[in-house]
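Okay, so here's the structure we're looking at.
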Amino acid sequence: MSKSITDGKDFKLGLFSPNCSSGLAVTRIPERWSGSWEDNLRLARLADEAGIDFLLPIARWIGYGGETNFHEGVLDPTVFAAGLLAHTRRISVFATIHTAFNHPVVVAKQLATVDAIGQGRAGINIVAGWNQPEYEAFGVELPEGHDERYALAQEWWDVIRKIWTTPGRFDHEGTYYQLRNVEGLPKPHDGVLPVLNAGSSEQGRDFAARNADFAFTIVGGPEDGEAIAHRIHATARERYSRQVGAFTLSHVVCRPTRREAEDYLHYYADENADWNAVDNLMRLQGMHAQSFTPEMLRENRARFAAGHGSCPLIGTPDEVADRIEQFHRAGFGGMTLAFVDYVSELEYFAQEVLPRLEAKGIRAPR
Ligand SMILES: Cc1cc2nc3c(=O)[nH]c(=O)nc-3n(C[C@H](O)[C@H](O)[C@H](O)COP(=O)(O)O)c2cc1C
């Protein structure tokens, strides 16, 4: 793969969830992120110029309720990727796709097309599924156990890989798909697209170790993250003789003084949090996903309001850059960022934090 995202060279930074209304902030403030096409286009151009490595949209079909119906407005990730790749030059854009709701023959064709638009800058984020109300909306049964969800995901991904790497036609005789005379052109630019996968259950980590370029994992911080990142690397090496990087996710409030950063965090994520939506989100996560440990769900209500349970990067540019350096040292290959106002806050981050990361030697200037 020729993409910079998988070159293994330095610490990668992405933007997570800008395609969703409110981004990752479960807040009622009127100036919360719109998630509109126009705002995403401005953001993608800015991120491309600033040297951010990738955009990662969320696939979401049902809002989480509460006063704002958090994640009510969502741009479809595959169409989002196609549109933004056409308007940018360097940045990678991932399409996030649920295995259970999308036929693999269709997905293989769509993503090869998206990758042609981006001339090799598309990626895929595979979601094996967890969110009961969305399964109900699709009229599909959520398999009780993780084994079956990931068995389906594996066969789904095997079909897509095969379409992308097999010349001519083939048949597929599997448990979930019986397909005759499948073929697919165009193929992606460089063989198989870069793959992200998020899953913290045993089966989810195994799936990432076997198939992904990067396992996306939720951690408390670099302190507990170090052992988790090492375990992800070791599982891929020992079970599948391959290399997998570890990414994690964060929400950022970066201001000239710590006081300003903390005041803003308090304003949007405490005083004005959409607590009913926070509780719905946490309840659904606790029921069917194992991405957050029971302790995280018990103790981290504030983190869910501020950034969907991701790690906080709150403080001055020096403090934020130091914290990112700690994730790098802990063995992470990159992380995602989310802001309340992605555009104006990314401008400040690019101006103040990126040069500090370059001075630390974590990232090369783009
Ligand atoms: C970075 C990241 C991105 C995710 N994107 C989505 C998404 O777009 N849509 C979704 O339904 N779930 C998404 N998830 C949730 C996971 O895919 C979820 O963790 C998984 O289905 C449950 O896996 P597990 O029980 O094996 O941990 C995401 C999780 C992470 C950490």
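Order determines the names: the first chain of the structure tokens is A, the second B, and so forth; residues in each chain are numbered 1 upward, and ligands are numbered 1 upward as they are shown.
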Distance filter 6 Å around ligand 1, atoms: only C-alpha atoms and all ligand atoms, out as a tab-separated table (two decimals) with N, CA and C atoms, in the first residue's frame:
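Below is the file that was written, selection-v8.tsv:
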chain	number	residue	atom	x	y	z
A	58	ILE	N	-18.55	8.27	11.51
A	58	ILE	CA	-19.30	7.23	12.23
A	58	ILE	C	-20.47	6.78	11.35
A	59	ALA	N	-20.77	5.48	11.38
A	59	ALA	CA	-21.99	4.97	10.74
A	59	ALA	C	-23.07	4.90	11.82
A	60	ARG	N	-24.09	5.72	11.69
A	60	ARG	CA	-25.14	5.77	12.73
A	60	ARG	C	-26.48	5.93	12.05
A	96	THR	N	-16.96	4.07	7.18
A	96	THR	CA	-17.30	3.15	8.28
A	96	THR	C	-18.52	2.35	7.86
A	127	VAL	N	-17.35	-2.31	11.17
A	127	VAL	CA	-18.11	-2.40	12.43
A	127	VAL	C	-18.92	-3.70	12.41
A	128	ALA	N	-18.63	-4.57	13.35
A	128	ALA	CA	-19.32	-5.87	13.39
A	128	ALA	C	-20.70	-5.75	14.02
A	129	GLY	N	-20.96	-4.65	14.71
A	129	GLY	CA	-22.33	-4.41	15.17
A	129	GLY	C	-22.55	-4.66	16.65
A	130	TRP	N	-23.46	-3.86	17.21
A	130	TRP	CA	-23.72	-3.94	18.64
A	130	TRP	C	-25.02	-3.24	19.04
A	198	ALA	N	-12.65	-1.55	15.23
A	198	ALA	CA	-12.81	-1.24	16.64
A	198	ALA	C	-13.54	-2.38	17.31
A	199	GLY	N	-12.96	-2.93	18.31
A	199	GLY	CA	-13.64	-3.98	19.05
A	199	GLY	C	-12.75	-4.37	20.21
A	200	SER	N	-13.29	-4.33	21.40
A	200	SER	CA	-12.46	-4.61	22.57
A	200	SER	C	-12.76	-5.97	23.18
A	201	SER	N	-13.81	-6.64	22.69
A	201	SER	CA	-14.07	-8.00	23.17
A	201	SER	C	-12.95	-8.90	22.67
A	204	GLY	N	-13.40	-9.38	19.07
A	204	GLY	CA	-13.12	-8.14	18.33
A	204	GLY	C	-11.63	-7.93	18.17
A	216	PHE	N	-8.58	-0.14	16.66
A	216	PHE	CA	-8.99	1.08	17.36
A	216	PHE	C	-9.47	0.66	18.72
A	217	THR	N	-8.89	1.19	19.75
A	217	THR	CA	-9.31	0.70	21.04
A	217	THR	C	-9.48	1.83	22.04
A	218	ILE	N	-10.48	1.65	22.89
A	218	ILE	CA	-10.79	2.68	23.88
A	218	ILE	C	-10.00	2.37	25.14
A	289	ALA	N	-22.16	-4.14	23.64
A	289	ALA	CA	-20.77	-4.02	23.18
A	289	ALA	C	-19.86	-4.25	24.39
A	290	GLN	N	-18.65	-4.64	24.11
A	290	GLN	CA	-17.70	-4.80	25.22
A	290	GLN	C	-16.54	-3.82	25.07
A	291	SER	N	-16.80	-2.72	24.33
A	291	SER	CA	-15.72	-1.78	24.07
A	291	SER	C	-15.33	-1.01	25.32
Within 8 Å of range 268-270 of chain A, counting only C-alpha atoms, which residues qualify if same-chain residues fewer than 3 places away don't, as a list of chain:residue names? A:Ala25, A:Val26, A:Thr27, A:Arg28, A:Ile29, A:Tyr264, A:Leu265, A:Ala273, A:Ala302, A:Ala305, A:Ala306
For the selection just defined, write its residues with all heavy atoms to a file, as a tab-separated table (two decimals), in the first residue's frame.
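The resulting file, out01.tsv, is shown below:
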chain	number	residue	atom	x	y	z
A	25	ALA	N	-19.53	15.30	21.15
A	25	ALA	CA	-19.90	16.05	22.36
A	25	ALA	C	-21.41	15.94	22.61
A	25	ALA	O	-22.20	16.45	21.82
A	25	ALA	CB	-19.50	17.51	22.21
A	26	VAL	N	-21.78	15.29	23.69
A	26	VAL	CA	-23.21	15.08	23.97
A	26	VAL	C	-23.73	16.31	24.73
A	26	VAL	O	-23.92	16.29	25.95
A	26	VAL	CB	-23.44	13.78	24.76
A	26	VAL	CG1	-24.92	13.39	24.72
A	26	VAL	CG2	-22.60	12.64	24.21
A	27	THR	N	-23.92	17.38	23.98
A	27	THR	CA	-24.18	18.68	24.60
A	27	THR	C	-25.40	19.37	23.98
A	27	THR	O	-25.74	19.10	22.83
A	27	THR	CB	-22.94	19.59	24.43
A	27	THR	OG1	-23.19	20.85	25.05
A	27	THR	CG2	-22.58	19.84	22.96
A	28	ARG	N	-25.99	20.27	24.78
A	28	ARG	CA	-27.15	21.01	24.30
A	28	ARG	C	-26.79	22.40	23.79
A	28	ARG	O	-27.66	23.16	23.38
A	28	ARG	CB	-28.15	21.17	25.45
A	28	ARG	CG	-28.70	19.85	25.99
A	28	ARG	CD	-29.66	20.08	27.15
A	28	ARG	NE	-28.97	20.74	28.27
A	28	ARG	CZ	-29.34	21.91	28.79
A	28	ARG	NH1	-30.40	22.54	28.35
A	28	ARG	NH2	-28.66	22.43	29.79
A	29	ILE	N	-25.52	22.79	23.86
A	29	ILE	CA	-25.19	24.18	23.50
A	29	ILE	C	-25.60	24.45	22.05
A	29	ILE	O	-25.42	23.60	21.17
A	29	ILE	CB	-23.68	24.52	23.70
A	29	ILE	CG1	-22.78	23.60	22.87
A	29	ILE	CG2	-23.31	24.46	25.17
A	29	ILE	CD1	-21.31	24.01	22.89
A	264	TYR	N	-14.41	25.95	29.53
A	264	TYR	CA	-15.20	25.59	28.35
A	264	TYR	C	-15.72	24.15	28.46
A	264	TYR	O	-16.88	23.87	28.14
A	264	TYR	CB	-14.37	25.78	27.06
A	264	TYR	CG	-15.24	25.62	25.83
A	264	TYR	CD1	-16.22	26.57	25.53
A	264	TYR	CD2	-15.13	24.50	25.02
A	264	TYR	CE1	-17.05	26.42	24.43
A	264	TYR	CE2	-15.96	24.34	23.91
A	264	TYR	CZ	-16.92	25.30	23.62
A	264	TYR	OH	-17.75	25.15	22.55
A	265	LEU	N	-14.85	23.28	28.97
A	265	LEU	CA	-15.28	21.89	29.18
A	265	LEU	C	-16.50	21.85	30.12
A	265	LEU	O	-17.49	21.16	29.85
A	265	LEU	CB	-14.12	21.08	29.78
A	265	LEU	CG	-14.41	19.62	30.10
A	265	LEU	CD1	-14.57	18.81	28.82
A	265	LEU	CD2	-13.29	19.01	30.95
A	273	ALA	N	-24.65	19.57	29.35
A	273	ALA	CA	-24.66	18.21	28.80
A	273	ALA	C	-26.11	17.77	28.55
A	273	ALA	O	-27.02	18.20	29.25
A	273	ALA	CB	-24.00	17.24	29.78
A	302	ALA	N	-18.97	11.62	32.91
A	302	ALA	CA	-18.50	12.94	32.45
A	302	ALA	C	-17.76	12.81	31.13
A	302	ALA	O	-17.89	13.65	30.24
A	302	ALA	CB	-17.59	13.56	33.50
A	305	ALA	N	-20.20	12.54	28.29
A	305	ALA	CA	-20.78	13.84	27.91
A	305	ALA	C	-19.77	14.65	27.09
A	305	ALA	O	-20.11	15.26	26.08
A	305	ALA	CB	-21.19	14.60	29.17
A	306	ALA	N	-18.53	14.62	27.50
A	306	ALA	CA	-17.52	15.47	26.85
A	306	ALA	C	-17.07	14.92	25.51
A	306	ALA	O	-16.75	15.68	24.60
A	306	ALA	CB	-16.31	15.62	27.78
Quick one: residues within 9 Å of Leu284 in chain A, only C-alpha atoms, excluding same-chain residues fewer than 6 positions away - as a PyMOL selection string? chain A and resi 130-133
12 Å contact set for range 322-330 of chain A, only C-alpha atoms, chain neighbours under 6 positions out, as number ranges by chain: A: 10-13, 219-231, 245-252, 254, 311-316, 336-337, 353-354, 356-363
Those of range 13-114 of chain A in DSSP strand (DSSP E or B), formatted as a list of chain:residue names: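 These are the residues in question: A:Leu13, A:Gly14, A:Leu15, A:Phe16, A:Cys20, A:Thr27, A:Phe54, A:Leu55, A:Leu56, A:Val74, A:Ser92, A:Val93, A:Phe94, A:Ala95, A:Thr96, A:Ile97, A:His98.
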Give the alpha helix (DSSP H) residues of range 139-299 of chain A, as DSSP finds them on the backbone, and put them as a short mmCIF file (atom, residue, chain, number, x, y, z; two decimals) with N, CA, C and O atoms, in the first residue's frame.
data_model
loop_
_atom_site.label_atom_id
_atom_site.label_comp_id
_atom_site.auth_asym_id
_atom_site.auth_seq_id
_atom_site.Cartn_x
_atom_site.Cartn_y
_atom_site.Cartn_z
N HIS A 146 -20.98 -12.67 20.65
CA HIS A 146 -19.97 -12.05 19.79
C HIS A 146 -19.43 -13.02 18.74
O HIS A 146 -19.00 -12.60 17.68
N ASP A 147 -19.43 -14.34 19.06
CA ASP A 147 -18.84 -15.30 18.11
C ASP A 147 -19.51 -15.20 16.76
O ASP A 147 -18.85 -15.13 15.73
N GLU A 148 -20.84 -15.16 16.78
CA GLU A 148 -21.54 -15.15 15.49
C GLU A 148 -21.38 -13.82 14.77
O GLU A 148 -21.22 -13.77 13.55
N ARG A 149 -21.38 -12.71 15.53
CA ARG A 149 -21.21 -11.39 14.89
C ARG A 149 -19.87 -11.32 14.16
O ARG A 149 -19.78 -10.84 13.04
N TYR A 150 -18.84 -11.82 14.81
CA TYR A 150 -17.52 -11.74 14.19
C TYR A 150 -17.31 -12.82 13.13
O TYR A 150 -16.51 -12.64 12.21
N ALA A 151 -18.04 -13.93 13.24
CA ALA A 151 -17.96 -14.95 12.16
C ALA A 151 -18.56 -14.37 10.88
O ALA A 151 -18.00 -14.52 9.79
N LEU A 152 -19.68 -13.67 11.03
CA LEU A 152 -20.28 -13.01 9.86
C LEU A 152 -19.32 -11.95 9.31
O LEU A 152 -19.08 -11.87 8.10
N ALA A 153 -18.74 -11.15 10.22
CA ALA A 153 -17.82 -10.09 9.78
C ALA A 153 -16.64 -10.69 9.02
O ALA A 153 -16.19 -10.14 8.00
N GLN A 154 -16.15 -11.83 9.50
CA GLN A 154 -14.99 -12.44 8.83
C GLN A 154 -15.36 -12.88 7.42
O GLN A 154 -14.61 -12.62 6.47
N GLU A 155 -16.51 -13.52 7.29
CA GLU A 155 -16.90 -14.00 5.95
C GLU A 155 -17.18 -12.82 5.02
O GLU A 155 -16.80 -12.81 3.83
N TRP A 156 -17.80 -11.80 5.55
CA TRP A 156 -18.12 -10.57 4.80
C TRP A 156 -16.83 -9.95 4.26
O TRP A 156 -16.72 -9.62 3.09
N TRP A 157 -15.83 -9.85 5.14
CA TRP A 157 -14.56 -9.23 4.74
C TRP A 157 -13.79 -10.15 3.77
O TRP A 157 -13.17 -9.67 2.82
N ASP A 158 -13.89 -11.46 3.97
CA ASP A 158 -13.22 -12.40 3.05
C ASP A 158 -13.76 -12.22 1.63
O ASP A 158 -13.00 -12.25 0.66
N VAL A 159 -15.08 -12.03 1.53
CA VAL A 159 -15.68 -11.85 0.19
C VAL A 159 -15.14 -10.56 -0.44
O VAL A 159 -14.74 -10.54 -1.61
N ILE A 160 -15.11 -9.50 0.33
CA ILE A 160 -14.64 -8.22 -0.23
C ILE A 160 -13.17 -8.31 -0.66
O ILE A 160 -12.81 -7.91 -1.77
N ARG A 161 -12.36 -8.87 0.19
CA ARG A 161 -10.92 -9.02 -0.16
C ARG A 161 -10.77 -9.82 -1.44
O ARG A 161 -9.95 -9.51 -2.29
N LYS A 162 -11.57 -10.87 -1.53
CA LYS A 162 -11.46 -11.76 -2.69
C LYS A 162 -11.86 -11.01 -3.97
O LYS A 162 -11.21 -11.16 -5.00
N ILE A 163 -12.91 -10.21 -3.88
CA ILE A 163 -13.31 -9.43 -5.07
C ILE A 163 -12.17 -8.49 -5.48
O ILE A 163 -11.89 -8.32 -6.66
N TRP A 164 -11.51 -7.91 -4.49
CA TRP A 164 -10.46 -6.93 -4.79
C TRP A 164 -9.16 -7.59 -5.28
O TRP A 164 -8.35 -6.92 -5.91
N THR A 165 -8.97 -8.86 -4.96
CA THR A 165 -7.65 -9.46 -5.27
C THR A 165 -7.74 -10.59 -6.30
O THR A 165 -6.71 -11.14 -6.68
N GLU A 202 -12.86 -10.07 23.23
CA GLU A 202 -11.84 -11.05 22.81
C GLU A 202 -11.97 -11.30 21.30
O GLU A 202 -10.99 -11.27 20.55
N GLN A 203 -13.21 -11.51 20.84
CA GLN A 203 -13.42 -11.80 19.42
C GLN A 203 -13.09 -10.58 18.56
O GLN A 203 -12.58 -10.72 17.46
N GLY A 204 -13.40 -9.38 19.07
CA GLY A 204 -13.12 -8.14 18.33
C GLY A 204 -11.63 -7.93 18.17
O GLY A 204 -11.14 -7.58 17.09
N ARG A 205 -10.88 -8.15 19.25
CA ARG A 205 -9.42 -7.97 19.16
C ARG A 205 -8.82 -8.99 18.21
O ARG A 205 -7.88 -8.70 17.47
N ASP A 206 -9.36 -10.21 18.25
CA ASP A 206 -8.83 -11.26 17.37
C ASP A 206 -9.11 -10.89 15.91
O ASP A 206 -8.25 -11.05 15.05
N PHE A 207 -10.30 -10.37 15.65
CA PHE A 207 -10.65 -9.96 14.28
C PHE A 207 -9.68 -8.88 13.79
O PHE A 207 -9.18 -8.93 12.67
N ALA A 208 -9.42 -7.91 14.65
CA ALA A 208 -8.49 -6.82 14.27
C ALA A 208 -7.10 -7.38 14.03
O ALA A 208 -6.43 -7.02 13.06
N ALA A 209 -6.65 -8.27 14.91
CA ALA A 209 -5.31 -8.85 14.76
C ALA A 209 -5.17 -9.59 13.43
O ALA A 209 -4.14 -9.55 12.78
N ARG A 210 -6.25 -10.24 13.04
CA ARG A 210 -6.21 -11.05 11.81
C ARG A 210 -6.35 -10.22 10.54
O ARG A 210 -5.78 -10.56 9.51
N ASN A 211 -7.12 -9.13 10.62
CA ASN A 211 -7.54 -8.45 9.38
C ASN A 211 -7.14 -6.99 9.24
O ASN A 211 -7.10 -6.49 8.11
N PRO A 222 -2.88 6.86 28.49
CA PRO A 222 -1.66 6.16 28.12
C PRO A 222 -1.20 5.19 29.21
O PRO A 222 -0.54 4.19 28.93
N GLU A 223 -1.64 5.44 30.46
CA GLU A 223 -1.18 4.61 31.57
C GLU A 223 -1.67 3.17 31.42
O GLU A 223 -0.87 2.24 31.47
N ASP A 224 -2.99 2.98 31.26
CA ASP A 224 -3.48 1.61 31.04
C ASP A 224 -3.35 1.22 29.56
O ASP A 224 -3.35 0.04 29.22
N GLY A 225 -3.22 2.23 28.69
CA GLY A 225 -3.17 1.95 27.25
C GLY A 225 -1.92 1.19 26.83
O GLY A 225 -1.95 0.43 25.87
N GLU A 226 -0.84 1.40 27.57
CA GLU A 226 0.43 0.79 27.15
C GLU A 226 0.32 -0.74 27.06
O GLU A 226 0.68 -1.35 26.06
N ALA A 227 -0.23 -1.35 28.13
CA ALA A 227 -0.34 -2.81 28.13
C ALA A 227 -1.31 -3.27 27.03
O ALA A 227 -1.10 -4.30 26.37
N ILE A 228 -2.36 -2.48 26.80
CA ILE A 228 -3.36 -2.86 25.79
C ILE A 228 -2.75 -2.80 24.39
O ILE A 228 -2.91 -3.71 23.58
N ALA A 229 -2.00 -1.73 24.13
CA ALA A 229 -1.36 -1.60 22.80
C ALA A 229 -0.38 -2.75 22.59
O ALA A 229 -0.34 -3.36 21.51
N HIS A 230 0.38 -3.07 23.62
CA HIS A 230 1.35 -4.17 23.46
C HIS A 230 0.65 -5.50 23.23
O HIS A 230 1.10 -6.32 22.46
N ARG A 231 -0.49 -5.68 23.91
CA ARG A 231 -1.22 -6.94 23.73
C ARG A 231 -1.75 -7.05 22.29
O ARG A 231 -1.71 -8.11 21.68
N ILE A 232 -2.22 -5.94 21.75
CA ILE A 232 -2.72 -5.95 20.36
C ILE A 232 -1.58 -6.31 19.40
O ILE A 232 -1.73 -7.18 18.53
N HIS A 233 -0.42 -5.68 19.59
CA HIS A 233 0.72 -6.00 18.72
C HIS A 233 1.08 -7.48 18.84
O HIS A 233 1.31 -8.17 17.84
N ALA A 234 1.13 -7.97 20.09
CA ALA A 234 1.57 -9.35 20.33
C ALA A 234 0.59 -10.35 19.74
O ALA A 234 0.99 -11.37 19.16
N THR A 235 -0.72 -10.08 19.89
CA THR A 235 -1.73 -11.02 19.36
C THR A 235 -1.57 -11.17 17.85
O THR A 235 -1.58 -12.28 17.32
N ALA A 236 -1.38 -10.05 17.16
CA ALA A 236 -1.25 -10.11 15.70
C ALA A 236 0.01 -10.89 15.32
O ALA A 236 0.00 -11.72 14.41
N ARG A 237 1.08 -10.59 16.04
CA ARG A 237 2.36 -11.24 15.72
C ARG A 237 2.29 -12.74 15.99
O ARG A 237 2.63 -13.56 15.15
N GLU A 238 1.80 -13.08 17.19
CA GLU A 238 1.87 -14.48 17.61
C GLU A 238 0.81 -15.35 16.93
O GLU A 238 1.08 -16.48 16.57
N ARG A 239 -0.41 -14.83 16.78
CA ARG A 239 -1.46 -15.67 16.18
C ARG A 239 -1.46 -15.63 14.67
O ARG A 239 -1.79 -16.61 14.02
N TYR A 240 -1.12 -14.48 14.09
CA TYR A 240 -1.31 -14.35 12.64
C TYR A 240 -0.05 -13.92 11.89
O TYR A 240 -0.10 -13.65 10.70
N ARG A 258 -4.98 26.90 30.97
CA ARG A 258 -5.69 25.71 31.45
C ARG A 258 -7.09 26.10 31.97
O ARG A 258 -8.06 25.39 31.76
N ARG A 259 -7.14 27.24 32.61
CA ARG A 259 -8.41 27.72 33.17
C ARG A 259 -9.47 27.88 32.06
O ARG A 259 -10.62 27.44 32.21
N GLU A 260 -9.06 28.48 30.95
CA GLU A 260 -10.02 28.66 29.84
C GLU A 260 -10.49 27.30 29.30
O GLU A 260 -11.67 27.12 28.97
N ALA A 261 -9.56 26.36 29.18
CA ALA A 261 -9.93 25.04 28.67
C ALA A 261 -10.92 24.37 29.62
O ALA A 261 -11.94 23.81 29.20
N GLU A 262 -10.63 24.43 30.91
CA GLU A 262 -11.51 23.77 31.89
C GLU A 262 -12.87 24.45 31.98
O GLU A 262 -13.90 23.78 32.12
N ASP A 263 -12.89 25.77 31.87
CA ASP A 263 -14.17 26.50 31.90
C ASP A 263 -15.04 26.08 30.70
O ASP A 263 -16.25 25.89 30.84
N TYR A 264 -14.41 25.95 29.53
CA TYR A 264 -15.20 25.59 28.35
C TYR A 264 -15.72 24.15 28.46
O TYR A 264 -16.88 23.87 28.14
N LEU A 265 -14.85 23.28 28.97
CA LEU A 265 -15.28 21.89 29.18
C LEU A 265 -16.50 21.85 30.12
O LEU A 265 -17.49 21.16 29.85
N HIS A 266 -16.42 22.63 31.18
CA HIS A 266 -17.52 22.67 32.15
C HIS A 266 -18.81 23.20 31.50
O HIS A 266 -19.90 22.65 31.70
N TRP A 275 -27.88 15.05 29.36
CA TRP A 275 -27.66 13.89 30.24
C TRP A 275 -28.53 12.70 29.87
O TRP A 275 -28.12 11.55 30.03
N ASN A 276 -29.75 12.96 29.38
CA ASN A 276 -30.58 11.81 28.99
C ASN A 276 -29.96 11.05 27.83
O ASN A 276 -29.95 9.82 27.80
N ALA A 277 -29.40 11.82 26.87
CA ALA A 277 -28.73 11.16 25.74
C ALA A 277 -27.48 10.42 26.22
O ALA A 277 -27.19 9.31 25.76
N VAL A 278 -26.75 11.03 27.14
CA VAL A 278 -25.55 10.37 27.70
C VAL A 278 -25.95 9.02 28.31
O VAL A 278 -25.32 7.99 28.05
N ASP A 279 -27.02 9.04 29.09
CA ASP A 279 -27.42 7.80 29.76
C ASP A 279 -27.91 6.75 28.76
O ASP A 279 -27.62 5.56 28.92
N ASN A 280 -28.61 7.19 27.73
CA ASN A 280 -29.06 6.22 26.71
C ASN A 280 -27.85 5.60 25.99
O ASN A 280 -27.81 4.38 25.77
N LEU A 281 -26.91 6.45 25.63
CA LEU A 281 -25.70 5.98 24.94
C LEU A 281 -24.95 4.96 25.81
O LEU A 281 -24.56 3.89 25.35
N MET A 282 -24.79 5.29 27.07
CA MET A 282 -24.04 4.40 27.96
C MET A 282 -24.79 3.09 28.20
O MET A 282 -24.20 2.02 28.27
N ARG A 283 -26.10 3.19 28.30
CA ARG A 283 -26.90 1.99 28.53
C ARG A 283 -26.76 1.04 27.33
O ARG A 283 -26.52 -0.15 27.48
N LEU A 284 -26.86 1.59 26.12
CA LEU A 284 -26.77 0.74 24.92
C LEU A 284 -25.38 0.14 24.79
O LEU A 284 -25.22 -1.02 24.43
N GLN A 285 -24.36 0.93 25.09
CA GLN A 285 -22.99 0.41 25.03
C GLN A 285 -22.82 -0.74 26.02
O GLN A 285 -22.22 -1.76 25.72
N GLY A 286 -23.38 -0.55 27.21
CA GLY A 286 -23.24 -1.56 28.26
C GLY A 286 -23.98 -2.84 27.93
O GLY A 286 -23.60 -3.92 28.37
N MET A 287 -25.06 -2.73 27.14
CA MET A 287 -25.87 -3.92 26.88
C MET A 287 -25.23 -4.88 25.88
O MET A 287 -25.20 -6.08 26.08
N HIS A 288 -24.70 -4.34 24.77
CA HIS A 288 -24.34 -5.25 23.68
C HIS A 288 -22.92 -5.11 23.16
O HIS A 288 -22.52 -5.83 22.27
N PRO A 294 -16.87 -2.47 32.35
CA PRO A 294 -17.93 -2.06 33.29
C PRO A 294 -17.47 -0.91 34.18
O PRO A 294 -18.25 -0.01 34.50
N GLU A 295 -16.18 -0.87 34.55
CA GLU A 295 -15.69 0.24 35.39
C GLU A 295 -15.76 1.56 34.64
O GLU A 295 -16.17 2.58 35.18
N MET A 296 -15.38 1.51 33.34
CA MET A 296 -15.44 2.75 32.55
C MET A 296 -16.87 3.26 32.49
O MET A 296 -17.13 4.46 32.60
N LEU A 297 -17.82 2.34 32.32
CA LEU A 297 -19.21 2.76 32.20
C LEU A 297 -19.73 3.29 33.54
O LEU A 297 -20.54 4.20 33.59
N ARG A 298 -19.22 2.72 34.64
CA ARG A 298 -19.68 3.17 35.97
C ARG A 298 -19.11 4.55 36.30
O ARG A 298 -19.79 5.40 36.83
N GLU A 299 -17.83 4.74 35.95
CA GLU A 299 -17.13 5.91 36.48
C GLU A 299 -17.06 7.09 35.53
O GLU A 299 -16.72 8.19 35.94
#
Any idea what's packed within 10 Å of Gly63 in chain A, counting only C-alpha atoms, ignoring anything in its chain fewer than 2 positions away? Could you give it as a PyMOL selection string? chain A and resi 20-21+60-61+65-66+68-74+133-134+277+280-281
I need the residues from that last selection saved to file as a CSV table (one decimal), in the first residue's frame (with C-alpha atoms), if you can.
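out.csv was written with the following content:
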chain,number,residue,atom,x,y,z
A,20,CYS,CA,-22.5,13.4,12.9
A,21,SER,CA,-24.4,16.3,14.4
A,60,ARG,CA,-25.1,5.8,12.7
A,61,TRP,CA,-28.8,5.2,11.8
A,65,GLY,CA,-32.6,10.5,22.2
A,66,GLY,CA,-32.4,13.1,24.9
A,68,THR,CA,-31.0,16.9,21.2
A,69,ASN,CA,-31.5,13.4,19.9
A,70,PHE,CA,-27.7,13.1,19.9
A,71,HIS,CA,-26.4,11.9,16.5
A,72,GLU,CA,-29.7,12.6,14.9
A,73,GLY,CA,-28.2,14.0,11.7
A,74,VAL,CA,-25.6,11.8,10.1
A,133,PRO,CA,-32.2,-0.3,18.0
A,134,GLU,CA,-30.4,-0.1,14.7
A,277,ALA,CA,-28.7,11.2,25.7
A,280,ASN,CA,-29.1,6.2,26.7
A,281,LEU,CA,-25.7,6.0,24.9
Quick one: residues within 12 Å of Asn40 in chain A, only C-alpha atoms counted, chain neighbours fewer than 2 positions away excluded, as a compact mmCIF listing (two decimals) with C-alpha atoms, in the first residue's frame?
# COMPACT_ATOMS: atom_id res chain seq x y z
CA LEU A 15 -10.64 13.51 13.01
CA PHE A 16 -13.42 11.29 14.32
CA SER A 17 -17.19 11.75 13.92
CA PRO A 18 -17.42 15.10 12.07
CA ASN A 19 -20.16 13.60 9.85
CA CYS A 20 -22.51 13.42 12.87
CA SER A 21 -24.45 16.27 14.43
CA GLY A 23 -19.58 15.20 16.76
CA TRP A 33 -21.33 20.96 15.59
CA SER A 34 -23.85 20.81 12.74
CA GLY A 35 -22.41 17.82 10.88
CA SER A 36 -23.58 19.47 7.64
CA TRP A 37 -21.94 18.88 4.26
CA GLU A 38 -20.84 22.54 4.04
CA ARG A 42 -14.59 23.42 5.10
CA LEU A 43 -13.15 21.08 7.71
CA ALA A 44 -11.74 18.58 5.20
CA ARG A 45 -9.98 21.31 3.23
CA LEU A 46 -8.52 22.77 6.40
CA ALA A 47 -7.42 19.34 7.68
CA ASP A 48 -5.86 18.52 4.32
CA LEU A 55 -11.02 11.58 8.48
CA LEU A 56 -13.08 8.89 10.19
CA PRO A 57 -16.88 9.15 10.01
CA VAL A 74 -25.55 11.81 10.07
CA LEU A 75 -23.99 11.98 6.61
CA PRO A 77 -19.89 7.55 5.59
CA PHE A 80 -19.08 11.39 2.71
CA ALA A 81 -15.76 9.72 1.80
CA GLY A 83 -17.38 13.64 -1.77
CA LEU A 84 -14.48 14.72 0.43
CA LEU A 85 -11.86 12.72 -1.47
CA HIS A 87 -12.24 17.90 -2.82
CA THR A 88 -8.90 17.11 -1.13
CA ASP A 341 -16.26 23.24 16.80
CA TYR A 342 -14.02 21.15 14.56
CA VAL A 343 -13.13 24.05 12.24
Which residue of A:Val107, A:Leu24, A:Ala215, A:Gly145 approaches Phe304 in chain A most closely, using only C-alpha atoms: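 Closest residue, counting only C-alpha atoms: A:Leu24.
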Which of these residues is nearest to Ala122 in chain A, using only C-alpha atoms: A:Ala95, A:Ala50, A:Ala86, A:Val320? A:Ala95
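With CA of Ala82 in chain A on one side and CA of Gly309 in chain A on the other, the separation reads 28.4 Å.
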Report, in Å with one decimal, the straight-line distance from CA of Arg301 in chain A to CA of Arg32 in chain A. 19.2 Å
Using only C-alpha atoms, the shortest atom-to-atom distance to Ala100 in chain A among A:Glu345, A:Glu141, A:Glu319, A:Glu67 belongs to A:Glu141
To one decimal place in Å, what is the distance between CA of Arg89 in chain A and CA of Pro104 in chain A?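 These atoms are spaced 27.9 Å apart.
Shortest separation to Tyr267 in chain A among A:Ala321, A:Val340, A:Leu41, A:Leu142 occurs at residue A:Val340, atoms counted being only C-alpha atoms.
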